[in-house]
Structure formats: C-alpha cells, structure tokens
$ cat query.tsv   # TSV, C-alpha atoms (C1' of nucleotides)
chain	number	residue	atom	x	y	z
A	1	MET	CA	-21.26	-4.52	4.51
A	2	ARG	CA	-19.36	-1.26	4.41
A	3	LYS	CA	-19.69	0.08	0.95
A	4	GLU	CA	-23.35	-0.78	0.78
A	5	LYS	CA	-23.92	1.76	3.48
A	6	ALA	CA	-22.04	4.50	1.71
A	7	LYS	CA	-24.00	3.89	-1.42
A	8	ARG	CA	-27.37	3.97	0.24
A	9	LEU	CA	-26.47	7.26	1.84
A	10	GLU	CA	-25.41	8.67	-1.47
A	11	ASN	CA	-28.71	7.71	-3.00
A	12	LYS	CA	-30.77	9.22	-0.23
A	13	GLY	CA	-29.05	12.51	-0.90
A	14	TRP	CA	-26.93	12.50	2.19
A	15	LYS	CA	-23.88	13.92	0.42
A	16	ILE	CA	-22.32	15.57	3.44
A	17	GLY	CA	-19.65	17.74	1.97
A	18	SER	CA	-17.83	15.10	0.02
A	19	ALA	CA	-16.91	12.07	2.12
A	20	GLU	CA	-19.09	10.00	4.40
A	21	ASP	CA	-16.49	9.18	7.01
A	22	PHE	CA	-18.91	9.79	9.81
A	23	LEU	CA	-19.76	6.15	10.31
A	24	GLY	CA	-17.09	3.55	10.59
A	25	LEU	CA	-15.13	4.34	7.45
A	26	SER	CA	-11.39	4.68	7.69
A	27	PRO	CA	-9.81	7.68	5.97
A	28	GLU	CA	-8.59	5.46	3.13
A	29	GLU	CA	-11.97	3.88	2.68
A	30	SER	CA	-13.77	7.17	2.44
A	31	ALA	CA	-11.07	8.57	0.19
A	32	TYR	CA	-11.56	5.59	-2.05
A	33	ILE	CA	-15.33	6.01	-2.17
A	34	ASP	CA	-14.92	9.69	-2.74
A	35	LEU	CA	-12.71	8.98	-5.69
A	36	LYS	CA	-15.18	6.57	-7.16
A	37	LEU	CA	-18.08	8.97	-6.78
A	38	ASN	CA	-16.10	11.77	-8.40
A	39	LEU	CA	-15.27	9.60	-11.37
A	40	SER	CA	-18.85	8.39	-11.65
A	41	ALA	CA	-20.12	11.93	-11.64
A	42	LYS	CA	-17.66	12.85	-14.33
A	43	LEU	CA	-18.84	9.96	-16.44
A	44	ARG	CA	-22.47	10.98	-16.21
A	45	LYS	CA	-21.51	14.50	-17.11
A	46	LEU	CA	-19.49	13.45	-20.12
A	47	ARG	CA	-22.23	11.15	-21.32
A	48	ALA	CA	-24.79	13.91	-20.99
A	49	GLU	CA	-22.56	16.34	-22.87
A	50	GLN	CA	-22.38	13.87	-25.71
A	51	ASN	CA	-26.13	13.30	-25.60
A	52	LEU	CA	-25.84	9.58	-25.19
A	53	THR	CA	-28.31	7.35	-23.39
A	54	GLN	CA	-27.04	4.75	-20.95
A	55	THR	CA	-27.95	2.13	-23.51
A	56	GLU	CA	-25.83	3.81	-26.16
A	57	LEU	CA	-22.87	4.16	-23.86
A	58	ALA	CA	-23.32	0.55	-22.87
A	59	LYS	CA	-22.93	-0.53	-26.48
A	60	LEU	CA	-19.86	1.65	-26.80
A	61	ILE	CA	-18.15	-0.12	-23.92
A	62	HIS	CA	-19.59	-3.57	-24.69
A	63	SER	CA	-21.63	-3.63	-21.54
A	64	SER	CA	-25.27	-3.25	-20.57
A	65	GLN	CA	-27.58	-0.40	-19.61
A	66	SER	CA	-27.95	-1.75	-16.13
A	67	ARG	CA	-24.22	-1.73	-15.54
A	68	VAL	CA	-23.92	1.81	-16.79
A	69	ALA	CA	-26.68	2.77	-14.38
A	70	LYS	CA	-24.75	1.09	-11.58
A	71	ILE	CA	-21.59	2.92	-12.56
A	72	GLU	CA	-23.37	6.24	-12.40
A	73	THR	CA	-25.16	5.57	-9.14
A	74	GLY	CA	-21.95	4.51	-7.44
A	75	ASP	CA	-22.98	0.92	-6.95
A	76	PRO	CA	-20.46	-0.83	-4.70
A	77	THR	CA	-20.04	-3.72	-7.11
A	78	VAL	CA	-18.50	-1.42	-9.71
A	79	SER	CA	-14.73	-1.18	-9.90
A	80	ILE	CA	-12.73	1.94	-10.57
A	81	ASP	CA	-11.26	0.04	-13.47
A	82	LEU	CA	-14.62	-0.09	-15.20
A	83	ILE	CA	-15.35	3.55	-14.56
A	84	ILE	CA	-12.00	4.60	-15.96
A	85	LYS	CA	-12.34	2.38	-19.00
A	86	SER	CA	-15.74	3.96	-19.63
A	87	LEU	CA	-14.36	7.45	-19.26
A	88	LEU	CA	-11.59	6.66	-21.70
A	89	ALA	CA	-14.15	5.25	-24.12
A	90	LEU	CA	-15.90	8.61	-24.00
A	91	GLY	CA	-12.63	10.24	-24.91
A	92	ALA	CA	-11.69	11.65	-21.53
A	93	SER	CA	-8.13	12.92	-21.40
A	94	LYS	CA	-5.60	12.28	-18.66
A	95	LYS	CA	-6.02	15.84	-17.59
A	96	GLN	CA	-9.77	15.43	-17.31
A	97	LEU	CA	-9.34	12.28	-15.26
A	98	ALA	CA	-6.87	14.02	-13.00
A	99	ARG	CA	-9.27	16.92	-12.53
A	100	ALA	CA	-12.13	14.59	-11.74
A	101	ILE	CA	-10.06	12.82	-9.12
A	102	SER	CA	-8.86	15.84	-7.23
A	103	SER	CA	-12.21	17.58	-7.33
B	104	MET	CA	-3.46	-11.83	-24.91
B	105	ARG	CA	-3.16	-8.09	-25.15
B	106	LYS	CA	-2.02	-6.79	-21.84
B	107	GLU	CA	0.53	-9.55	-21.46
B	108	LYS	CA	2.35	-8.08	-24.37
B	109	ALA	CA	2.37	-4.60	-22.98
B	110	LYS	CA	3.75	-5.84	-19.73
B	111	ARG	CA	6.52	-7.83	-21.29
B	112	LEU	CA	7.58	-4.83	-23.26
B	113	GLU	CA	7.62	-2.71	-20.17
B	114	ASN	CA	9.87	-5.17	-18.43
B	115	LYS	CA	12.32	-5.39	-21.26
B	116	GLY	CA	12.80	-1.67	-21.04
B	117	TRP	CA	10.91	-0.84	-24.19
B	118	LYS	CA	9.22	2.24	-22.72
B	119	ILE	CA	8.82	4.10	-25.97
B	120	GLY	CA	7.91	7.53	-24.81
B	121	SER	CA	5.03	6.54	-22.66
B	122	ALA	CA	2.46	4.40	-24.47
B	123	GLU	CA	2.96	1.22	-26.43
B	124	ASP	CA	0.28	1.78	-29.02
B	125	PHE	CA	2.50	0.55	-31.79
B	126	LEU	CA	1.12	-2.94	-31.79
B	127	GLY	CA	-2.60	-3.52	-31.96
B	128	LEU	CA	-3.63	-1.45	-28.98
B	129	SER	CA	-6.50	0.96	-29.38
B	130	PRO	CA	-5.97	4.47	-28.03
B	131	GLU	CA	-8.15	3.69	-25.01
B	132	GLU	CA	-6.31	0.49	-24.30
B	133	SER	CA	-2.92	2.12	-24.32
B	134	ALA	CA	-4.22	5.07	-22.33
B	135	TYR	CA	-5.49	2.59	-19.77
B	136	ILE	CA	-2.18	0.75	-19.58
B	137	ASP	CA	-0.34	4.01	-19.41
B	138	LEU	CA	-2.45	5.04	-16.47
B	139	LYS	CA	-1.78	1.81	-14.67
B	140	LEU	CA	1.95	2.03	-15.21
B	141	ASN	CA	2.03	5.60	-13.97
B	142	LEU	CA	0.20	4.67	-10.82
B	143	SER	CA	2.41	1.62	-10.29
B	144	ALA	CA	5.50	3.73	-10.64
B	145	LYS	CA	4.15	6.21	-8.14
B	146	LEU	CA	3.47	3.42	-5.70
B	147	ARG	CA	7.01	2.10	-5.91
B	148	LYS	CA	8.32	5.59	-5.43
B	149	LEU	CA	6.17	6.27	-2.39
B	150	ARG	CA	7.09	2.94	-0.89
B	151	ALA	CA	10.77	3.64	-1.40
B	152	GLU	CA	10.43	7.09	0.13
B	153	GLN	CA	8.93	5.54	3.21
B	154	ASN	CA	11.63	2.87	3.33
B	155	LEU	CA	9.22	0.00	3.29
B	156	THR	CA	9.85	-3.44	1.84
B	157	GLN	CA	7.24	-5.06	-0.35
B	158	THR	CA	6.52	-7.41	2.52
B	159	GLU	CA	5.87	-4.54	4.87
B	160	LEU	CA	3.60	-2.77	2.43
B	161	ALA	CA	1.81	-6.06	1.86
B	162	LYS	CA	0.98	-6.30	5.55
B	163	LEU	CA	-0.23	-2.73	5.49
B	164	ILE	CA	-2.74	-3.47	2.78
B	165	HIS	CA	-3.56	-6.99	3.96
B	166	SER	CA	-2.02	-8.59	0.92
B	167	SER	CA	1.12	-10.50	0.09
B	168	GLN	CA	4.62	-9.68	-1.07
B	169	SER	CA	4.01	-11.36	-4.37
B	170	ARG	CA	0.99	-9.25	-5.12
B	171	VAL	CA	2.86	-6.08	-4.27
B	172	ALA	CA	5.57	-7.17	-6.68
B	173	LYS	CA	2.94	-7.72	-9.33
B	174	ILE	CA	1.49	-4.30	-8.71
B	175	GLU	CA	4.87	-2.68	-9.14
B	176	THR	CA	5.81	-4.63	-12.24
B	177	GLY	CA	2.54	-3.80	-13.94
B	178	ASP	CA	1.25	-7.33	-14.00
B	179	PRO	CA	-1.88	-7.49	-16.14
B	180	THR	CA	-3.85	-9.31	-13.44
B	181	VAL	CA	-3.64	-6.28	-11.16
B	182	SER	CA	-6.54	-3.87	-11.12
B	183	ILE	CA	-6.34	-0.12	-10.87
B	184	ASP	CA	-8.54	-0.50	-7.83
B	185	LEU	CA	-5.83	-2.36	-5.97
B	186	ILE	CA	-3.14	0.09	-6.99
B	187	ILE	CA	-5.21	3.03	-5.84
B	188	LYS	CA	-6.11	1.37	-2.56
B	189	SER	CA	-2.41	0.75	-1.99
B	190	LEU	CA	-1.53	4.34	-2.78
B	191	LEU	CA	-4.16	5.55	-0.37
B	192	ALA	CA	-2.81	3.21	2.28
B	193	LEU	CA	0.56	4.88	1.85
B	194	GLY	CA	-1.11	8.19	2.47
B	195	ALA	CA	-1.17	9.51	-1.08
B	196	SER	CA	-3.32	12.59	-1.48
B	197	LYS	CA	-5.85	13.23	-4.22
B	198	LYS	CA	-3.45	15.75	-5.66
B	199	GLN	CA	-0.66	13.20	-5.76
B	200	LEU	CA	-2.93	10.70	-7.47
B	201	ALA	CA	-4.00	13.29	-9.98
B	202	ARG	CA	-0.39	14.16	-10.69
B	203	ALA	CA	0.56	10.53	-11.13
B	204	ILE	CA	-2.26	10.04	-13.60
B	205	SER	CA	-1.56	12.97	-15.85
B	206	SER	CA	2.18	12.46	-15.82
C	207	DT	C1'	32.17	-18.45	-2.63
C	208	DT	C1'	28.08	-18.61	0.90
C	209	DG	C1'	24.17	-16.88	3.23
C	210	DC	C1'	20.65	-13.55	3.71
C	211	DC	C1'	17.17	-10.42	2.42
C	212	DA	C1'	14.46	-8.21	-1.21
C	213	DT	C1'	12.05	-8.71	-5.28
C	214	DA	C1'	10.05	-11.41	-9.20
C	215	DT	C1'	7.32	-15.17	-11.30
C	216	DG	C1'	4.01	-19.12	-11.55
C	217	DT	C1'	0.02	-21.39	-9.89
C	218	DC	C1'	-4.36	-22.05	-7.73
C	219	DA	C1'	-8.71	-21.96	-4.80
C	220	DT	C1'	-11.67	-18.51	-3.47
C	221	DA	C1'	-13.53	-13.86	-3.64
C	222	DT	C1'	-15.15	-10.19	-6.26
C	223	DC	C1'	-16.69	-8.05	-10.59
C	224	DT	C1'	-19.06	-8.46	-14.92
C	225	DG	C1'	-22.63	-8.58	-18.60
C	226	DA	C1'	-27.10	-9.95	-19.19
C	227	DC	C1'	-31.68	-10.34	-18.13
C	228	DA	C1'	-36.08	-9.17	-15.74
C	229	DT	C1'	-38.46	-5.82	-13.72
C	230	DA	C1'	-39.37	-1.50	-11.30
C	231	DT	C1'	-39.34	3.43	-11.17
C	232	DC	C1'	-38.89	7.77	-13.08
C	233	DT	C1'	-39.96	11.60	-16.88
C	234	DT	C1'	-42.16	13.60	-20.31
C	235	DA	C1'	-45.35	14.02	-24.30
C	236	DG	C1'	-49.82	13.36	-25.93
D	237	DC	C1'	-54.56	9.63	-17.33
D	238	DT	C1'	-51.38	6.52	-20.57
D	239	DA	C1'	-47.65	5.23	-23.34
D	240	DA	C1'	-42.93	5.28	-24.36
D	241	DG	C1'	-38.24	6.09	-23.52
D	242	DA	C1'	-34.79	6.50	-20.03
D	243	DT	C1'	-32.85	5.16	-15.79
D	244	DA	C1'	-32.65	2.26	-11.48
D	245	DT	C1'	-32.56	-2.14	-8.91
D	246	DG	C1'	-32.14	-7.23	-8.11
D	247	DT	C1'	-30.25	-11.50	-9.42
D	248	DC	C1'	-27.07	-14.82	-11.16
D	249	DA	C1'	-23.73	-17.71	-14.03
D	250	DG	C1'	-19.48	-16.97	-15.86
D	251	DA	C1'	-15.25	-14.12	-16.01
D	252	DT	C1'	-11.51	-11.84	-13.72
D	253	DA	C1'	-8.79	-10.39	-9.64
D	254	DT	C1'	-7.21	-11.71	-5.21
D	255	DG	C1'	-4.20	-13.51	-1.35
D	256	DA	C1'	-1.35	-17.15	-0.44
D	257	DC	C1'	2.10	-20.23	-1.27
D	258	DA	C1'	6.27	-22.15	-3.58
D	259	DT	C1'	10.11	-21.11	-5.89
D	260	DA	C1'	13.30	-18.36	-8.66
D	261	DT	C1'	16.34	-14.51	-9.30
D	262	DG	C1'	18.99	-10.45	-7.80
D	263	DG	C1'	22.10	-7.87	-4.80
D	264	DC	C1'	25.29	-7.50	-1.37
D	265	DA	C1'	27.92	-8.24	2.87
D	266	DA	C1'	31.08	-11.52	5.20
$ encode --input "query.tsv" --output "structure tokens"
Amino acid sequence: MRKEKAKRLENKGWKIGSAEDFLGLSPEESAYIDLKLNLSAKLRKLRAEQNLTQTELAKLIHSSQSRVAKIETGDPTVSIDLIIKSLLALGASKKQLARAISS
Amino acid sequence: MRKEKAKRLENKGWKIGSAEDFLGLSPEESAYIDLKLNLSAKLRKLRAEQNLTQTELAKLIHSSQSRVAKIETGDPTVSIDLIIKSLLALGASKKQLARAISS
DNA sequence: TTGCCATATGTCATATCTGACATATCTTAG
DNA sequence: CTAAGATATGTCAGATATGACATATGGCAA
C-alpha cells in the first residue's frame, strides 16, 4: 500500500526536504501526506507546550493513548479530521492551523 | 444529531456571521464545522473557476456527482479528508488551503 | 409548456477509520 | 542494572465515511 510506505520512511528519518514524492506518489498524494505530517507535528508541539502526556490528551479528546501516538507518528490509518479535532481540542486557532498547513 | 442541525441551518441561509454556536455546539465543534464549510465553499469556488460540473470533478477524484454535491453542501457525512483531497485534485496550493481555513 | 442538463437528497453495501486493548520499546531516575 | 512512566506498534470489533445508484429539484433554452 501507498501510504504505508510514506509512513515507514518518515519513521526511519528519511524526511527528504518535506515531501516524499520520489517513489510513486502523485503530487496530490504527497501534498496530502505533507499536510498530514505538518498537522501531526503541530499537534505534538502543542501538546508538549501544554505539558500533557499522550494519555492525558487522549482523555481530553475521548480517545486512547495508542491513537494519539498514531496521530503523532503519522500513521496512515489516521484521518486529517481526527488530527484537526485534536488540535482544536488543544485550543489551536484558525490562524495556527493555517500556519501549520502552509509550513 | 448535532451536525445535522448545523447543516440544515446552513442550507436555510442562517449563516450567522460564521459559526453557529448558538445552539448546543461547543467552541471546538463549531470551529470544526466552520472549517469544513470554509473548505467546501473554496472547493465550489475553485470548481466554478475551472468551469467544471460536479460530474466532471467527480471523475477527477474518482467519486460520484452525488458525493461532490454533498461535499459542497456541507453534508455531515463528508470528511475534511475528502474535501482536502478534492481541493488538491483541483490544484489548490498550501497557501490557498491556509487562506480558506483562516477565512 | 417540454426537454435537457446541473445540482441536491436519500439509501445502502462496502471500505476505511476509530477506540480499546495488549504488548513492545524507549527514557530517565534511583 | 531495574523500575516506572511515557511513547510506539499490532490487532480487531464496532463505528463512520465512501462510491454508487435512484430519484428529486432547479434553471433555462426552444
């Protein structure tokens, strides 16, 4: 599967610039993944700033630690919807979201 | 259900300012809906600019006319993921997405 | 009016995402 | 080292989103 690949690469520290379009990903696909990773990164940052553990954030969004971990590691089974809902739960503003996206 | 309500209101032209937080919606919920509606609106705009019908856009994103309609009318069963994928398929840039979000 | 094309709405089987759980792998303090 | 807290990974049943189809409504030209 496509997104699996992208995720594995991310985890191994491949991070080439910002998008991994070097293997079979269409521009839209890599833009989409890029977006997701940017939002994930922002979430981790926000959570850290607020000194919350994944477990605490999980409670806040009525989810589980493992799902929060998946959000933050860019797991392909995580939707942008969930990431955005989590960001909003941490009090992120529209402006912050916008910044995260175009980063 | 919650989001049903928000959608109905939208359709009836209720658009009070920008968020319908006046009936039982938490700040995060209305922020989320707001976001979705902004992105939907942007999609419709982009599609119009490119003189595409819903059916044509549907083919472009491997979906159906009815789902495109649902996207554009803010149907609660539509995910932000799908809206964003559609926007990307229309060639929207990160900057455009960011603008749409913080509008 | 009629016909045609675009858009909207309702429904449904299937695909995808979700929370939860178990368990593994860090990290750091003692 | 070992223990404890935090984070990561794998799995799965149930929840939600999806494309597809039928059908309705809207707009507009003949």
$ residues_around --input "query.tsv" --residues "Arg47 (chain A)" --least-positions-apart "5" --cutoff "9 Å" --atoms "all atoms listed in the file" --output "ChimeraX atom specification"
/A:42,52-54,57,87,90
$ atom_distance --input "query.tsv" --atom1 "CA of Ser63 (chain A)" --atom2 "CA of Ile33 (chain A)"
22.5 Å
$ atom_distance --input "query.tsv" --atom1 "CA of Lys148 (chain B)" --atom2 "CA of Gly194 (chain B)"
12.6 Å
$ closest_atom_pairs --input "query.tsv" --of "chain B" --to "chain D" --cutoff "7 Å" --atoms "all atoms listed in the file" --output "Markdown table"
| residue | atom | partner | partner_atom | distance |
| --- | --- | --- | --- | --- |
| B:Ser166 | CA | D:DG255 | C1' | 5.8 |
| B:Ser167 | CA | D:DG255 | C1' | 6.3 |
| B:Thr180 | CA | D:DA253 | C1' | 6.3 |
| B:Val181 | CA | D:DA253 | C1' | 6.8 |
$ atom_distance --input "query.tsv" --atom1 "CA of Gly74 (chain A)" --atom2 "CA of Ser40 (chain A)"
6.5 Å
$ closest_atom_pairs --input "query.tsv" --of "chain B" --to "chain C" --cutoff "10 Å" --atoms "all atoms listed in the file" --output "Markdown table"
| residue | atom | partner | partner_atom | distance |
| --- | --- | --- | --- | --- |
| B:Thr156 | CA | C:DA212 | C1' | 7.3 |
| B:Gln157 | CA | C:DT213 | C1' | 7.8 |
| B:Thr158 | CA | C:DA212 | C1' | 8.8 |
| B:Gln168 | CA | C:DT213 | C1' | 8.6 |
| B:Ser169 | CA | C:DA214 | C1' | 7.7 |
| B:Val171 | CA | C:DT213 | C1' | 9.6 |
| B:Ala172 | CA | C:DA214 | C1' | 6.7 |
| B:Lys173 | CA | C:DA214 | C1' | 8.0 |
| B:Thr176 | CA | C:DA214 | C1' | 8.6 |
$ write_last_selection --input "query.tsv" --atoms "C-alpha atoms" --output "PDB file, keeping the file's coordinate frame"
ATOM      1  CA  THR B 156       9.850  -3.440   1.840  1.00  0.00           C
ATOM      2  CA  GLN B 157       7.240  -5.060  -0.350  1.00  0.00           C
ATOM      3  CA  THR B 158       6.520  -7.410   2.520  1.00  0.00           C
ATOM      4  CA  GLN B 168       4.620  -9.680  -1.070  1.00  0.00           C
ATOM      5  CA  SER B 169       4.010 -11.360  -4.370  1.00  0.00           C
ATOM      6  CA  VAL B 171       2.860  -6.080  -4.270  1.00  0.00           C
ATOM      7  CA  ALA B 172       5.570  -7.170  -6.680  1.00  0.00           C
ATOM      8  CA  LYS B 173       2.940  -7.720  -9.330  1.00  0.00           C
ATOM      9  CA  THR B 176       5.810  -4.630 -12.240  1.00  0.00           C
TER      10      THR B 176
END
$ closest_atom_pairs --input "query.tsv" --of "chain B" --to "chain A" --cutoff "7 Å" --atoms "all atoms listed in the file" --output "CSV"
residue,atom,partner,partner_atom,distance
B:Glu131,CA,A:Leu88,CA,5.6
B:Tyr135,CA,A:Lys85,CA,6.9
B:Ser182,CA,A:Asp81,CA,6.6
B:Ile183,CA,A:Asp81,CA,5.6
B:Asp184,CA,A:Ile80,CA,5.6
B:Lys188,CA,A:Tyr32,CA,6.9
B:Leu191,CA,A:Glu28,CA,5.6
B:Ala192,CA,A:Glu28,CA,6.3
B:Lys197,CA,A:Ser102,CA,5.0
B:Lys198,CA,A:Ser102,CA,5.6
B:Ala201,CA,A:Ala98,CA,4.2
B:Arg202,CA,A:Ala98,CA,6.9
B:Ile204,CA,A:Ala98,CA,6.1
B:Ser205,CA,A:Lys94,CA,5.0
$ write_last_selection --input "query.tsv" --atoms "C-alpha atoms" --output "compact mmCIF listing (two decimals), in the coordinates of the input"
# COMPACT_ATOMS: atom_id res chain seq x y z
CA GLU B 131 -8.15 3.69 -25.01
CA TYR B 135 -5.49 2.59 -19.77
CA SER B 182 -6.54 -3.87 -11.12
CA ILE B 183 -6.34 -0.12 -10.87
CA ASP B 184 -8.54 -0.50 -7.83
CA LYS B 188 -6.11 1.37 -2.56
CA LEU B 191 -4.16 5.55 -0.37
CA ALA B 192 -2.81 3.21 2.28
CA LYS B 197 -5.85 13.23 -4.22
CA LYS B 198 -3.45 15.75 -5.66
CA ALA B 201 -4.00 13.29 -9.98
CA ARG B 202 -0.39 14.16 -10.69
CA ILE B 204 -2.26 10.04 -13.60
CA SER B 205 -1.56 12.97 -15.85
$ axis_aligned_box --input "query.tsv" --around "region 249-259 of chain D" --padding-each-side "4 Å" --output "AutoDock Vina command-line options"
--center_x -6.8 --center_y -16.3 --center_z -8.2 --size_x 41.8 --size_y 19.8 --size_z 23.6
